[in-house]
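Trainee: Input start_6.cif, format and content: mmCIF, C-alpha atoms and all ligand atoms.
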```
data_coords
loop_
_atom_site.label_atom_id
_atom_site.label_comp_id
_atom_site.auth_asym_id
_atom_site.auth_seq_id
_atom_site.Cartn_x
_atom_site.Cartn_y
_atom_site.Cartn_z
CA MET A 182 -19.93 74.69 137.50
CA SER A 183 -20.08 78.40 136.68
CA ASP A 184 -17.19 80.17 134.99
CA LEU A 185 -16.55 81.93 138.26
CA ALA A 186 -16.09 78.64 140.08
CA HIS A 187 -13.34 77.62 137.65
CA PHE A 188 -11.45 80.84 138.27
CA GLN A 189 -11.88 80.42 142.02
CA GLN A 190 -10.64 76.86 141.80
CA ARG A 191 -7.52 77.96 139.90
CA ARG A 192 -6.83 80.66 142.47
CA HIS A 193 -7.32 78.11 145.23
CA CYS A 194 -4.80 75.82 143.58
CA LEU A 195 -2.28 78.67 143.41
CA PHE A 196 -2.97 79.55 147.08
CA GLU A 197 -2.14 75.98 148.04
CA LYS A 198 1.11 76.04 146.11
CA ILE A 199 2.12 79.32 147.73
CA GLY A 200 1.22 78.26 151.27
CA LYS A 201 2.07 81.59 152.85
CA GLY A 202 2.94 84.69 150.86
CA ILE A 203 1.64 87.35 148.54
CA ALA A 204 1.32 87.20 144.76
CA VAL A 205 1.03 90.26 142.53
CA ILE A 206 -0.08 89.61 138.96
CA PRO A 207 -0.66 92.54 136.59
CA THR A 208 -2.55 92.25 133.34
CA ALA A 209 -1.02 93.49 130.06
CA PRO A 210 -0.79 97.22 129.28
CA GLU A 211 -2.56 98.85 126.35
CA VAL A 212 -0.12 99.63 123.56
CA ALA A 213 -0.45 102.80 121.48
CA ARG A 214 -0.34 102.28 117.72
CA ASN A 215 -0.21 105.96 116.81
CA ALA A 216 -2.08 109.15 117.68
CA ASP A 217 -5.37 108.13 119.31
CA THR A 218 -5.40 104.47 118.31
CA HIS A 219 -4.20 101.42 120.16
CA TYR A 220 -3.30 97.93 119.06
CA ASP A 221 -6.14 95.51 119.77
CA TYR A 222 -6.05 94.93 123.47
CA ARG A 223 -4.95 91.49 124.66
CA HIS A 224 -4.97 90.70 128.38
CA ASP A 225 -2.07 88.93 130.08
CA SER A 226 -2.69 85.18 129.89
CA HIS A 227 -1.70 84.40 133.52
CA PHE A 228 -3.88 87.18 134.86
CA TYR A 229 -6.85 86.15 132.74
CA TYR A 230 -6.40 82.49 133.65
CA LEU A 231 -6.95 83.37 137.29
CA CYS A 232 -9.89 85.75 137.04
CA GLY A 233 -11.26 86.39 133.54
CA PHE A 234 -11.25 90.15 134.10
CA PRO A 235 -11.00 91.72 130.63
CA GLU A 236 -9.94 95.33 131.24
CA PRO A 237 -6.47 96.85 131.02
CA GLU A 238 -4.96 98.72 134.00
CA ALA A 239 -5.72 95.93 136.44
CA VAL A 240 -3.63 94.03 138.96
CA MET A 241 -4.57 90.98 140.99
CA VAL A 242 -3.19 90.46 144.47
CA LEU A 243 -3.50 87.08 146.15
CA ILE A 244 -2.67 86.75 149.81
CA ALA A 245 -2.19 83.17 150.92
CA GLY A 246 -2.03 82.11 154.54
CA ASP A 247 -4.53 81.17 157.24
CA ARG A 248 -7.01 83.36 155.44
CA MET A 249 -6.91 83.51 151.68
CA GLN A 250 -7.75 86.71 149.93
CA ALA A 251 -8.12 87.58 146.27
CA ILE A 252 -8.03 91.32 145.64
CA LEU A 253 -8.40 93.26 142.40
CA PHE A 254 -7.12 96.72 141.57
CA CYS A 255 -8.84 98.19 138.52
CA ARG A 256 -9.96 101.39 136.84
CA GLU A 257 -12.66 103.39 138.57
CA LYS A 258 -16.02 104.11 136.97
CA ASN A 259 -15.71 107.27 134.88
CA ALA A 260 -18.81 108.71 133.20
CA GLU A 261 -16.77 110.87 130.82
CA ARG A 262 -14.36 108.12 129.70
CA GLU A 263 -17.19 105.62 129.38
CA ILE A 264 -18.90 107.91 126.82
CA TRP A 265 -15.75 107.64 124.67
CA ASP A 266 -14.39 104.18 125.40
CA GLY A 267 -17.36 102.22 126.70
CA PHE A 268 -18.26 100.37 129.85
CA ARG A 269 -15.81 99.68 132.63
CA TYR A 270 -16.72 97.71 135.73
CA GLY A 271 -15.20 99.80 138.48
CA PRO A 272 -14.01 98.10 141.68
CA ASP A 273 -17.38 97.36 143.30
CA ALA A 274 -19.02 95.69 140.33
CA ALA A 275 -15.76 93.93 139.40
CA ALA A 276 -15.46 92.38 142.88
CA LEU A 277 -19.02 91.11 142.69
CA HIS A 278 -18.91 89.92 139.11
CA PHE A 279 -15.50 88.20 139.23
CA GLY A 280 -15.70 86.85 142.79
CA PHE A 281 -12.95 88.90 144.46
CA ASP A 282 -12.90 89.37 148.23
CA ALA A 283 -12.18 93.05 147.72
CA ALA A 284 -11.42 95.51 144.92
CA PHE A 285 -9.83 98.95 144.94
CA PRO A 286 -9.08 101.71 142.43
CA ILE A 287 -5.83 101.08 140.58
CA SER A 288 -4.64 104.52 141.74
CA GLN A 289 -4.33 103.07 145.27
CA LEU A 290 -2.17 100.13 144.25
CA ASP A 291 1.24 101.23 145.53
CA GLU A 292 -0.03 102.55 148.83
CA LYS A 293 -2.17 99.49 149.60
CA LEU A 294 0.42 97.00 148.40
CA VAL A 295 2.94 98.37 150.87
CA GLU A 296 0.41 97.54 153.62
CA MET A 297 -0.41 94.14 152.15
CA MET A 298 3.22 93.09 151.83
CA ALA A 299 3.82 93.61 155.52
CA ASP A 300 4.97 90.41 157.25
CA GLN A 301 4.56 88.28 154.14
CA PRO A 302 7.55 85.94 153.89
CA THR A 303 7.57 85.68 150.10
CA LEU A 304 6.58 87.95 147.24
CA TYR A 305 5.55 86.16 144.06
CA TYR A 306 5.28 88.08 140.80
CA PRO A 307 6.23 87.64 137.12
CA MET A 308 9.87 88.36 137.89
CA GLY A 309 11.85 89.79 135.00
CA ALA A 310 8.88 89.97 132.64
CA ASP A 311 8.79 93.77 132.74
CA SER A 312 11.59 95.88 134.17
CA GLU A 313 9.22 98.66 135.21
CA TRP A 314 7.20 96.25 137.33
CA ASP A 315 10.38 94.78 138.78
CA ALA A 316 11.52 98.25 139.85
CA ARG A 317 8.11 99.27 141.14
CA LEU A 318 7.64 96.19 143.30
CA LEU A 319 11.16 96.36 144.68
CA LYS A 320 10.56 99.99 145.57
CA MET A 321 7.41 98.98 147.45
CA ARG A 322 9.36 96.32 149.27
CA GLU A 323 11.88 98.97 150.30
CA ALA A 324 8.98 101.05 151.62
CA VAL A 325 7.90 98.07 153.76
CA LYS A 326 11.49 97.63 154.97
CA ALA A 327 11.51 101.27 156.05
CA LYS A 328 8.88 100.34 158.63
CA SER A 329 11.07 97.72 160.25
CA ARG A 330 11.49 99.76 163.44
CA SER A 331 7.79 99.24 164.12
CA GLY A 332 8.39 95.51 163.90
CA ILE A 333 7.05 95.06 160.38
CA GLN A 334 8.98 92.71 158.10
CA ALA A 335 9.21 92.91 154.34
CA PRO A 336 9.12 89.76 152.16
CA SER A 337 12.60 88.28 152.31
CA HIS A 338 12.10 85.92 149.35
CA LEU A 339 11.19 86.84 145.81
CA ARG A 340 9.86 84.17 143.46
CA ASP A 341 8.63 84.07 139.91
CA VAL A 342 4.91 83.27 140.11
CA ARG A 343 5.05 81.99 136.53
CA GLU A 344 6.93 78.89 137.66
CA LEU A 345 3.77 77.84 139.51
CA LEU A 346 1.28 79.10 136.94
CA ASN A 347 3.03 77.59 133.92
CA GLU A 348 2.69 74.11 135.36
CA MET A 349 -0.95 74.70 136.30
CA ARG A 350 -1.76 75.95 132.81
CA LEU A 351 -0.15 72.91 131.23
CA ILE A 352 -3.02 70.68 132.43
CA LYS A 353 -6.26 72.06 131.06
CA ASP A 354 -9.41 71.94 133.18
CA ARG A 355 -12.90 71.25 131.86
CA ALA A 356 -13.80 74.90 131.28
CA GLU A 357 -10.63 75.42 129.28
CA LEU A 358 -11.25 72.33 127.19
CA ASP A 359 -14.79 73.45 126.42
CA ILE A 360 -13.42 76.68 124.99
CA MET A 361 -10.55 74.98 123.18
CA ARG A 362 -12.97 72.56 121.51
CA GLN A 363 -15.02 75.52 120.30
CA ALA A 364 -11.94 77.42 119.09
CA ALA A 365 -10.85 74.27 117.24
CA SER A 366 -14.26 73.78 115.71
CA ILE A 367 -14.54 77.36 114.46
CA SER A 368 -11.04 77.14 113.02
CA CYS A 369 -11.90 73.88 111.23
CA GLU A 370 -14.90 75.61 109.68
CA ALA A 371 -12.60 78.39 108.51
CA HIS A 372 -10.26 75.90 106.82
CA ARG A 373 -13.21 74.22 105.11
CA ARG A 374 -14.44 77.59 103.95
CA ALA A 375 -10.99 78.36 102.54
CA MET A 376 -10.92 75.05 100.68
CA ARG A 377 -14.32 75.67 99.13
CA PHE A 378 -13.43 79.25 98.19
CA THR A 379 -9.95 78.87 96.69
CA ARG A 380 -9.49 79.14 92.91
CA PRO A 381 -6.45 79.76 90.67
CA GLY A 382 -5.92 83.47 89.98
CA GLN A 383 -7.07 84.70 93.37
CA PHE A 384 -4.66 86.39 95.76
CA GLU A 385 -3.61 84.82 99.04
CA TYR A 386 -5.19 87.68 100.99
CA GLU A 387 -8.60 86.85 99.53
CA VAL A 388 -8.37 83.48 101.22
CA GLU A 389 -7.11 85.11 104.40
CA ALA A 390 -10.22 87.28 104.37
CA GLU A 391 -12.40 84.16 104.25
CA LEU A 392 -10.61 82.74 107.28
CA LEU A 393 -11.03 85.95 109.27
CA HIS A 394 -14.67 86.19 108.25
CA GLU A 395 -15.38 82.70 109.53
CA PHE A 396 -13.54 83.32 112.83
CA CYS A 397 -15.28 86.60 113.46
CA ARG A 398 -18.79 85.49 112.60
CA HIS A 399 -18.55 82.91 115.38
CA GLY A 400 -17.43 85.47 117.95
CA ALA A 401 -13.71 84.76 117.64
CA ARG A 402 -12.78 88.34 116.82
CA HIS A 403 -9.06 87.72 116.35
CA PRO A 404 -6.75 85.08 114.97
CA ALA A 405 -4.52 83.47 117.59
CA TYR A 406 -1.50 84.45 115.46
CA THR A 407 -0.97 85.99 112.05
CA SER A 408 -2.44 83.61 109.48
CA ILE A 409 -0.05 82.07 106.98
CA VAL A 410 -1.64 81.76 103.53
CA ALA A 411 1.20 80.57 101.33
CA GLY A 412 0.75 79.56 97.71
CA GLY A 413 3.36 77.53 95.79
CA ALA A 414 6.96 78.29 96.75
CA ASN A 415 5.81 80.60 99.56
CA ALA A 416 4.94 77.50 101.57
CA CYS A 417 8.68 76.81 101.88
CA THR A 418 9.11 80.02 103.90
CA LEU A 419 8.13 78.76 107.33
CA HIS A 420 6.89 82.06 108.75
CA TYR A 421 5.52 83.54 105.51
CA VAL A 422 2.89 86.15 106.40
CA GLY A 423 3.04 88.42 103.31
CA ASN A 424 -0.14 86.75 102.01
CA ASP A 425 -0.14 89.03 98.97
CA ALA A 426 0.80 86.82 96.03
CA ALA A 427 -1.41 85.47 93.25
CA MET A 428 -2.21 81.77 93.52
CA HIS A 429 -1.47 79.64 90.48
CA ASP A 430 -3.13 76.68 88.87
CA GLY A 431 -1.22 73.49 89.62
CA GLU A 432 0.31 74.73 92.89
CA LEU A 433 -0.45 73.93 96.50
CA LEU A 434 -1.74 76.34 99.12
CA LEU A 435 -0.52 75.99 102.71
CA ILE A 436 -2.74 77.65 105.33
CA ASP A 437 -1.64 77.84 108.96
CA ALA A 438 -4.45 79.65 110.77
CA GLY A 439 -6.45 79.38 113.97
CA CYS A 440 -8.71 81.67 115.93
CA GLU A 441 -8.49 82.86 119.50
CA LEU A 442 -11.72 82.35 121.40
CA ASP A 443 -12.15 83.76 124.90
CA GLY A 444 -8.39 83.77 125.36
CA TYR A 445 -7.65 80.29 123.93
CA ALA A 446 -5.90 79.45 120.68
CA ALA A 447 -6.45 76.95 117.93
CA ASP A 448 -3.54 76.24 115.59
CA ILE A 449 -4.30 74.33 112.38
CA THR A 450 -2.38 73.81 109.16
CA ARG A 451 -3.84 72.31 106.03
CA THR A 452 -2.27 72.09 102.59
CA PHE A 453 -4.36 71.58 99.47
CA PRO A 454 -4.20 72.03 95.69
CA ILE A 455 -5.29 75.47 94.50
CA ASN A 456 -7.27 73.91 91.64
CA GLY A 457 -8.82 71.20 93.82
CA LYS A 458 -6.86 68.21 92.50
CA PHE A 459 -3.43 66.99 93.70
CA THR A 460 -0.83 66.22 91.03
CA PRO A 461 0.90 62.82 91.42
CA ALA A 462 4.07 64.48 92.78
CA GLN A 463 2.11 66.62 95.23
CA LYS A 464 0.14 63.59 96.33
CA ASP A 465 3.33 61.62 96.99
CA VAL A 466 4.77 64.31 99.22
CA TYR A 467 1.43 64.98 100.89
CA GLN A 468 0.84 61.33 101.74
CA ILE A 469 4.25 61.03 103.38
CA VAL A 470 3.58 64.04 105.60
CA LEU A 471 0.11 62.71 106.41
CA ASP A 472 1.49 59.28 107.32
CA ALA A 473 4.11 60.97 109.50
CA GLN A 474 1.43 63.05 111.18
CA MET A 475 -0.78 60.03 111.86
CA ALA A 476 2.18 58.15 113.32
CA ALA A 477 2.98 61.14 115.53
CA ILE A 478 -0.62 61.42 116.72
CA ALA A 479 -0.64 57.71 117.56
CA ALA A 480 2.44 58.33 119.73
CA ALA A 481 0.75 61.15 121.65
CA ARG A 482 -0.53 59.10 124.59
CA PRO A 483 -0.30 59.34 128.37
CA GLY A 484 3.06 58.10 129.61
CA LYS A 485 4.85 58.61 126.29
CA LEU A 486 7.62 61.19 126.42
CA TRP A 487 7.16 64.62 124.86
CA ASP A 488 9.60 63.66 122.14
CA ALA A 489 7.76 60.47 121.08
CA PRO A 490 5.49 62.10 118.46
CA HIS A 491 8.49 63.91 116.95
CA LEU A 492 10.53 60.71 116.74
CA ALA A 493 7.59 58.82 115.23
CA ALA A 494 7.12 61.52 112.59
CA LEU A 495 10.85 61.63 111.79
CA ARG A 496 11.00 57.88 111.05
CA VAL A 497 8.15 58.09 108.57
CA LEU A 498 9.53 61.24 106.97
CA ALA A 499 13.01 59.77 106.68
CA GLN A 500 11.70 56.70 104.84
CA GLY A 501 9.54 58.94 102.64
CA PHE A 502 12.44 61.23 101.79
CA ILE A 503 14.47 58.16 100.76
CA ASP A 504 11.58 56.92 98.58
CA LEU A 505 11.34 60.35 96.91
CA LYS A 506 15.13 60.39 96.35
CA LEU A 507 15.44 63.48 98.50
CA CYS A 508 17.71 61.64 100.94
CA GLN A 509 20.11 58.77 100.45
CA GLY A 510 20.99 55.79 102.65
CA SER A 511 19.01 53.99 105.33
CA VAL A 512 16.41 55.45 107.69
CA GLU A 513 18.94 55.08 110.49
CA SER A 514 21.63 56.99 108.59
CA VAL A 515 19.20 59.74 107.54
CA LEU A 516 18.22 60.17 111.19
CA GLU A 517 21.80 59.91 112.38
CA THR A 518 23.23 62.44 109.93
CA GLU A 519 20.10 64.62 110.11
CA SER A 520 20.10 64.93 106.33
CA TYR A 521 16.29 65.16 106.60
CA LYS A 522 16.77 68.68 107.98
CA GLN A 523 17.16 70.02 104.44
CA PHE A 524 13.43 69.33 104.06
CA TYR A 525 12.11 69.22 107.64
CA MET A 526 13.83 71.71 109.88
CA HIS A 527 11.35 72.31 112.70
CA ARG A 528 10.06 70.19 115.53
CA THR A 529 6.75 68.37 115.45
CA GLY A 530 4.73 70.43 117.92
CA HIS A 531 4.39 72.61 120.98
CA TRP A 532 2.07 73.06 123.93
CA LEU A 533 -1.15 74.83 123.01
CA GLY A 534 -3.50 76.80 125.23
CA MET A 535 -4.03 80.46 126.01
CA ASP A 536 -0.84 81.19 124.10
CA VAL A 537 -0.40 79.50 120.76
CA HIS A 538 3.03 78.36 121.92
CA ASP A 539 1.80 77.76 125.41
CA VAL A 540 3.66 77.77 128.69
CA GLY A 541 5.05 74.71 130.45
CA GLU A 542 8.41 72.98 130.51
CA TYR A 543 9.21 70.38 127.87
CA LYS A 544 11.92 68.79 129.97
CA LEU A 545 12.09 67.94 133.67
CA ASP A 546 15.54 67.43 135.18
CA GLY A 547 17.03 67.46 131.71
CA LYS A 548 14.76 64.70 130.34
CA TRP A 549 11.73 64.97 128.06
CA ARG A 550 8.67 64.94 130.29
CA PRO A 551 5.94 62.29 129.97
CA LEU A 552 2.64 63.29 128.40
CA GLN A 553 -0.25 63.46 130.85
CA CYS A 554 -4.04 63.58 130.55
CA GLY A 555 -5.24 67.15 130.11
CA MET A 556 -2.19 68.36 128.20
CA THR A 557 -2.87 69.91 124.80
CA LEU A 558 -0.29 70.06 122.05
CA THR A 559 0.01 70.46 118.32
CA VAL A 560 1.24 67.74 115.97
CA GLU A 561 2.61 69.39 112.85
CA PRO A 562 5.15 67.65 110.66
CA GLY A 563 5.94 69.06 107.25
CA CYS A 564 8.14 68.86 104.20
CA TYR A 565 9.55 71.92 102.44
CA ILE A 566 11.37 71.29 99.17
CA ARG A 567 13.36 74.27 97.94
CA PRO A 568 15.02 74.08 94.51
CA ALA A 569 18.46 72.51 94.84
CA ASP A 570 20.89 70.46 92.77
CA ASN A 571 20.28 67.34 94.85
CA VAL A 572 16.51 67.51 94.47
CA PRO A 573 14.39 66.02 91.63
CA GLN A 574 12.99 68.98 89.74
CA ALA A 575 9.43 67.62 89.80
CA LEU A 576 9.40 68.24 93.55
CA TRP A 577 10.75 71.78 93.57
CA ASN A 578 8.75 74.34 95.58
CA ILE A 579 6.37 71.81 97.09
CA GLY A 580 5.74 72.76 100.71
CA VAL A 581 3.40 70.72 102.89
CA ARG A 582 2.53 70.93 106.59
CA ILE A 583 -0.36 69.23 108.36
CA GLU A 584 -1.13 70.42 111.87
CA ASP A 585 -3.75 69.28 114.36
CA ASP A 586 -4.48 70.13 117.98
CA VAL A 587 -4.44 67.13 120.28
CA LEU A 588 -5.67 66.57 123.84
CA ILE A 589 -4.09 63.75 125.82
CA THR A 590 -6.86 61.55 127.27
CA PRO A 591 -6.79 58.48 129.56
CA HIS A 592 -6.92 56.07 126.62
CA GLY A 593 -4.82 57.98 124.09
CA ASN A 594 -5.88 61.29 122.66
CA GLU A 595 -8.64 63.38 121.18
CA VAL A 596 -7.89 65.30 117.99
CA LEU A 597 -9.68 68.58 118.65
CA THR A 598 -9.32 69.69 115.03
CA ARG A 599 -10.58 66.49 113.39
CA GLU A 600 -13.33 68.33 111.48
CA ALA A 601 -10.87 69.90 109.06
CA PRO A 602 -10.50 67.65 105.97
CA LYS A 603 -7.11 66.00 105.92
CA THR A 604 -6.87 62.99 103.62
CA VAL A 605 -6.38 63.49 99.87
CA ASP A 606 -9.92 62.22 99.23
CA GLN A 607 -11.50 64.37 101.94
CA ILE A 608 -9.77 67.49 100.63
CA GLU A 609 -10.63 66.86 96.99
CA GLU A 610 -14.23 66.12 98.01
CA GLU A 611 -14.49 69.35 100.04
CA MET A 612 -13.11 71.34 97.13
CA ARG A 613 -15.72 70.01 94.73
CA HIS A 614 -18.29 72.04 96.69
CA GLU A 615 -18.65 75.78 96.37
N1 LIG A 701 1.16 78.76 113.88
C1 LIG A 701 2.31 78.67 114.65
C2 LIG A 701 2.80 77.31 114.77
O1 LIG A 701 2.34 76.44 114.07
O2 LIG A 701 3.63 77.01 115.57
MN MN A 702 1.80 75.17 115.74
MN MN A 703 0.44 76.57 113.13
#
```
Now, as a test, write the supplied structure out as structure tokens.
Ligand code: GLY
Ligand code: MN
Ligand code: MN
Mentor:
Amino acid sequence: MSDLAHFQQRRHCLFEKIGKGIAVIPTAPEVARNADTHYDYRHDSHFYYLCGFPEPEAVMVLIAGDRMQAILFCREKNAEREIWDGFRYGPDAAALHFGFDAAFPISQLDEKLVEMMADQPTLYYPMGADSEWDARLLKMREAVKAKSRSGIQAPSHLRDVRELLNEMRLIKDRAELDIMRQAASISCEAHRRAMRFTRPGQFEYEVEAELLHEFCRHGARHPAYTSIVAGGANACTLHYVGNDAAMHDGELLLIDAGCELDGYAADITRTFPINGKFTPAQKDVYQIVLDAQMAAIAAARPGKLWDAPHLAALRVLAQGFIDLKLCQGSVESVLETESYKQFYMHRTGHWLGMDVHDVGEYKLDGKWRPLQCGMTLTVEPGCYIRPADNVPQALWNIGVRIEDDVLITPHGNEVLTREAPKTVDQIEEEMRHE
């Protein structure tokens, strides 16, 4: 199946959910950084999911009914601008290349949309995502209403198209999984590279550079999120992105980094000793987190509730924290009182896909939803031990997280990020190689 067929199939699925109505889905705007430079352009995920069109200043219109139409509005060809900024498709080539029924210059959007909205019962768009779009579309609807004396009706219902798209995106199709496997594989290579490279005395940003190099040389030009490269105590800051400290002999390095490939994210965390050999205390903590992660992965199966991996991880962590004298009492009481939260304060994962924290509800009707084949999620327990009076000093400033990307399959799951070394032996072995 060609890439185009996958996009057409997704649009078809959305058409069926809409039944009769019109959907308007803009891509993301370019954002100025300063003067003549922009932040790296990133398309809107919903838009890209449905068509793969990479340029800014584009809007997709889907008209569902007896006849289904997919229409693109995009920038026109412009010889002068293309000398400065490079190729742009223009409507004709874009329609052909991306399989649209029609395409028009973006400058005609408002005028044509007023015509297209006529007699459509429902207008679907990303409601509330951008107040300018809200105002613009409502103004167009008013323009349709103004024609009511000629018998034309404006959409009387407004719906958020993301409610439909979020659920579609939650179950990955084959084309998406192909890309996600590649993104995972490149990111695993980057973590291996970081393990082989790291030495005491280097700075965290030197390791970050190795990660970015490995992403980029495989065509993944950007990380899916800002990489966390956290040596020693920095690992206990959950969203540490300074990445500018020296790395010391005898400390651990926590790396949370994944690339974005063709719009899809990988999200991997590995923690390893900066000098290549775990100390006994580090190994104790590490093994508990690893056991918790393996228990959580085993609980990520079709039919299990979203919360099952988290609960599985918590049980193992609670017992481990008791063994390490971080928590007191029984597993049940540690879970009940949530005393584990001093050392494990986040949840065990999230949906993964085009967005690193991907779309899709976690609960349905107030209850955790069951896992289904085709869902992709992270499994990422951790343990972060800040200095405190109730903590054995030998454990101070140890921060460990282990994060893999998991696809739910008919018989259990597939760990997409399995190529990144994870056991104590695997890590120490990897680090013996330059
Ligand atoms: N890297 C973001 C996360 O692990 O959720
Ligand atoms: Mn994550
Ligand atoms: Mn992560």
Trainee: Residues of chain A that have any atom at most 7 Å from an atom of ligand MN 703 (chain A): could you tabulate them with the shortest-distance atom pair and the distance in Å to one decimal, using all atoms listed in the file, ordered by chain and increasing number, as CSV?
Mentor:
```
residue,atom,partner,partner_atom,distance
A:Asp437,CA,A:MN703,MN,4.8
A:Ala438,CA,A:MN703,MN,6.2
A:Asp448,CA,A:MN703,MN,4.7
A:Ile449,CA,A:MN703,MN,5.3
A:Thr450,CA,A:MN703,MN,5.6
A:Glu584,CA,A:MN703,MN,6.5
```
Trainee: Can you write just those residues out, C-alpha atoms, as a PDB file, in the coordinates of the input?
Mentor:
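This is the output file part.pdb:
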```pdb
ATOM      1  CA  ASP A 437      -1.640  77.840 108.960  1.00  0.00           C
ATOM      2  CA  ALA A 438      -4.450  79.650 110.770  1.00  0.00           C
ATOM      3  CA  ASP A 448      -3.540  76.240 115.590  1.00  0.00           C
ATOM      4  CA  ILE A 449      -4.300  74.330 112.380  1.00  0.00           C
ATOM      5  CA  THR A 450      -2.380  73.810 109.160  1.00  0.00           C
ATOM      6  CA  GLU A 584      -1.130  70.420 111.870  1.00  0.00           C
TER       7      GLU A 584
END
```
Trainee: What is the distance between atom CA of A:Ala275 and atom CA of A:Met241, in Å to one decimal?
Mentor: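 Those two atoms sit 11.7 Å apart.
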Trainee: Closest to A:Asp539 among A:Leu351, A:Met612, A:Ala473, A:Met308, using all atoms listed in the file?
Mentor: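 Smallest separation from A:Asp539 among the options: A:Leu351.
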Trainee: By how many Å are atom CA of A:Glu292 and atom CA of A:Leu243 apart?
Mentor: 16.1 Å
Trainee: Could you report the residues within 9 Å of ligand LIG 701 (chain A), using all atoms listed in the file, as a PDB file with C-alpha atoms, keeping the file's coordinate frame?
Mentor:
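part-v1.pdb was written with the following content:
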```pdb
ATOM      1  CA  ALA A 405      -4.520  83.470 117.590  1.00  0.00           C
ATOM      2  CA  TYR A 406      -1.500  84.450 115.460  1.00  0.00           C
ATOM      3  CA  THR A 407      -0.970  85.990 112.050  1.00  0.00           C
ATOM      4  CA  SER A 408      -2.440  83.610 109.480  1.00  0.00           C
ATOM      5  CA  ILE A 409      -0.050  82.070 106.980  1.00  0.00           C
ATOM      6  CA  HIS A 420       6.890  82.060 108.750  1.00  0.00           C
ATOM      7  CA  ASP A 437      -1.640  77.840 108.960  1.00  0.00           C
ATOM      8  CA  ALA A 438      -4.450  79.650 110.770  1.00  0.00           C
ATOM      9  CA  GLY A 439      -6.450  79.380 113.970  1.00  0.00           C
ATOM     10  CA  ALA A 447      -6.450  76.950 117.930  1.00  0.00           C
ATOM     11  CA  ASP A 448      -3.540  76.240 115.590  1.00  0.00           C
ATOM     12  CA  ILE A 449      -4.300  74.330 112.380  1.00  0.00           C
ATOM     13  CA  THR A 450      -2.380  73.810 109.160  1.00  0.00           C
ATOM     14  CA  GLY A 530       4.730  70.430 117.920  1.00  0.00           C
ATOM     15  CA  HIS A 531       4.390  72.610 120.980  1.00  0.00           C
ATOM     16  CA  VAL A 537      -0.400  79.500 120.760  1.00  0.00           C
ATOM     17  CA  HIS A 538       3.030  78.360 121.920  1.00  0.00           C
ATOM     18  CA  THR A 559       0.010  70.460 118.320  1.00  0.00           C
ATOM     19  CA  VAL A 560       1.240  67.740 115.970  1.00  0.00           C
ATOM     20  CA  GLU A 561       2.610  69.390 112.850  1.00  0.00           C
ATOM     21  CA  GLU A 584      -1.130  70.420 111.870  1.00  0.00           C
TER      22      GLU A 584
END
```
Trainee: Which distance in Å separates atom CA of A:Gly501 and atom CA of A:Leu516, to one decimal?
Mentor: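 Distance reported for this atom pair: 12.2 Å.
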Trainee: Pick out the residues sitting within 12 Å of A:Leu358, and hand them over as a PyMOL selection string; count all atoms listed in the file, and ignore anything fewer than 4 positions along from it in its own chain.
Mentor: chain A and resi 187+350-354+362-366+442-447+533-535+554-557+586-590+595+597
Trainee: Tell me, as a list in words, which residues lie within 10 Å of A:Lys464, counting only C-alpha atoms; anything in the same chain fewer than 6 positions away does not count.
Mentor: Phe453, Pro454, Lys458, Val470 and Val605 of chain A
Trainee: Tell me which protein, DNA and RNA residues are within 12 Å of A:Asp266, counting all atoms listed in the file, leaving out same-chain ones fewer than 4 positions away, and put them as a VMD selection string.
Mentor: chain A and resid 217 to 219 236 258 to 262
Trainee: If we count all atoms listed in the file, what is near A:Ile455 at a cut-off of 6 Å, once residues fewer than 6 positions away on the same chain are taken out, given as number ranges by chain?
Mentor: A: 380-381, 432-434
Trainee: Between A:Pro235, A:Pro272, A:Gly547, A:Pro562, which has the minimum distance to ligand MN 702 (chain A) (counting all atoms listed in the file)?
Mentor: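 Nearest candidate to ligand MN 702 (chain A) out of A:Pro235, A:Pro272, A:Gly547, A:Pro562: A:Pro562.
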Trainee: Can you tell me which residues surround stretch 368-372 of chain A at a distance of at most 6 Å, considering all atoms listed in the file, apart from same-chain residues fewer than 4 positions away, and format the answer as a JSON list (two decimals) with C-alpha atoms, in the frame of the given file?
Mentor:
```json
[["chain", "number", "residue", "atom", "x", "y", "z"],
["A", 392, "LEU", "CA", -10.61, 82.74, 107.28],
["A", 395, "GLU", "CA", -15.38, 82.70, 109.53],
["A", 439, "GLY", "CA", -6.45, 79.38, 113.97],
["A", 440, "CYS", "CA", -8.71, 81.67, 115.93],
["A", 600, "GLU", "CA", -13.33, 68.33, 111.48],
["A", 601, "ALA", "CA", -10.87, 69.90, 109.06]]
```
Trainee: Select, from A:Pro404, A:Gly200, A:Pro237, A:Gly382, the residue with the minimum atom-to-atom distance to A:Met428, counting all atoms listed in the file.
Mentor: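 So, comparing all the options, the nearest one is A:Gly382.
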Trainee: In terms of the shortest atom-to-atom distance over only C-alpha atoms, which of A:Arg567, A:Gly202, A:Arg482, A:Leu498 is closest to A:Pro591?
Mentor: A:Arg482
Trainee: For a quick check of understanding, using all atoms listed in the file, which of A:Ala569, A:Cys508, A:Leu393, A:Ile583 has the smallest distance to ligand MN 702 (chain A)?
Mentor: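 Among the listed residues, A:Ile583 lies closest to ligand MN 702 (chain A).
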Trainee: Please give the centre and size of the box around stretch 263-271 of chain A (axis-aligned, containing every atom listed in the file, 6 Å added per side), with values in Å to one decimal and written as lines of an AutoDock Vina configuration file.
Mentor:
```
center_x = -16.6
center_y = 102.8
center_z = 131.6
size_x = 16.5
size_y = 22.2
size_z = 25.8
```
Trainee: Measuring between all atoms listed in the file, which one of A:Leu231, A:Ala186, A:Ile367, A:Cys417 shows the shortest distance to A:Gly400?
Mentor: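 The closest residue to A:Gly400 is A:Ile367.
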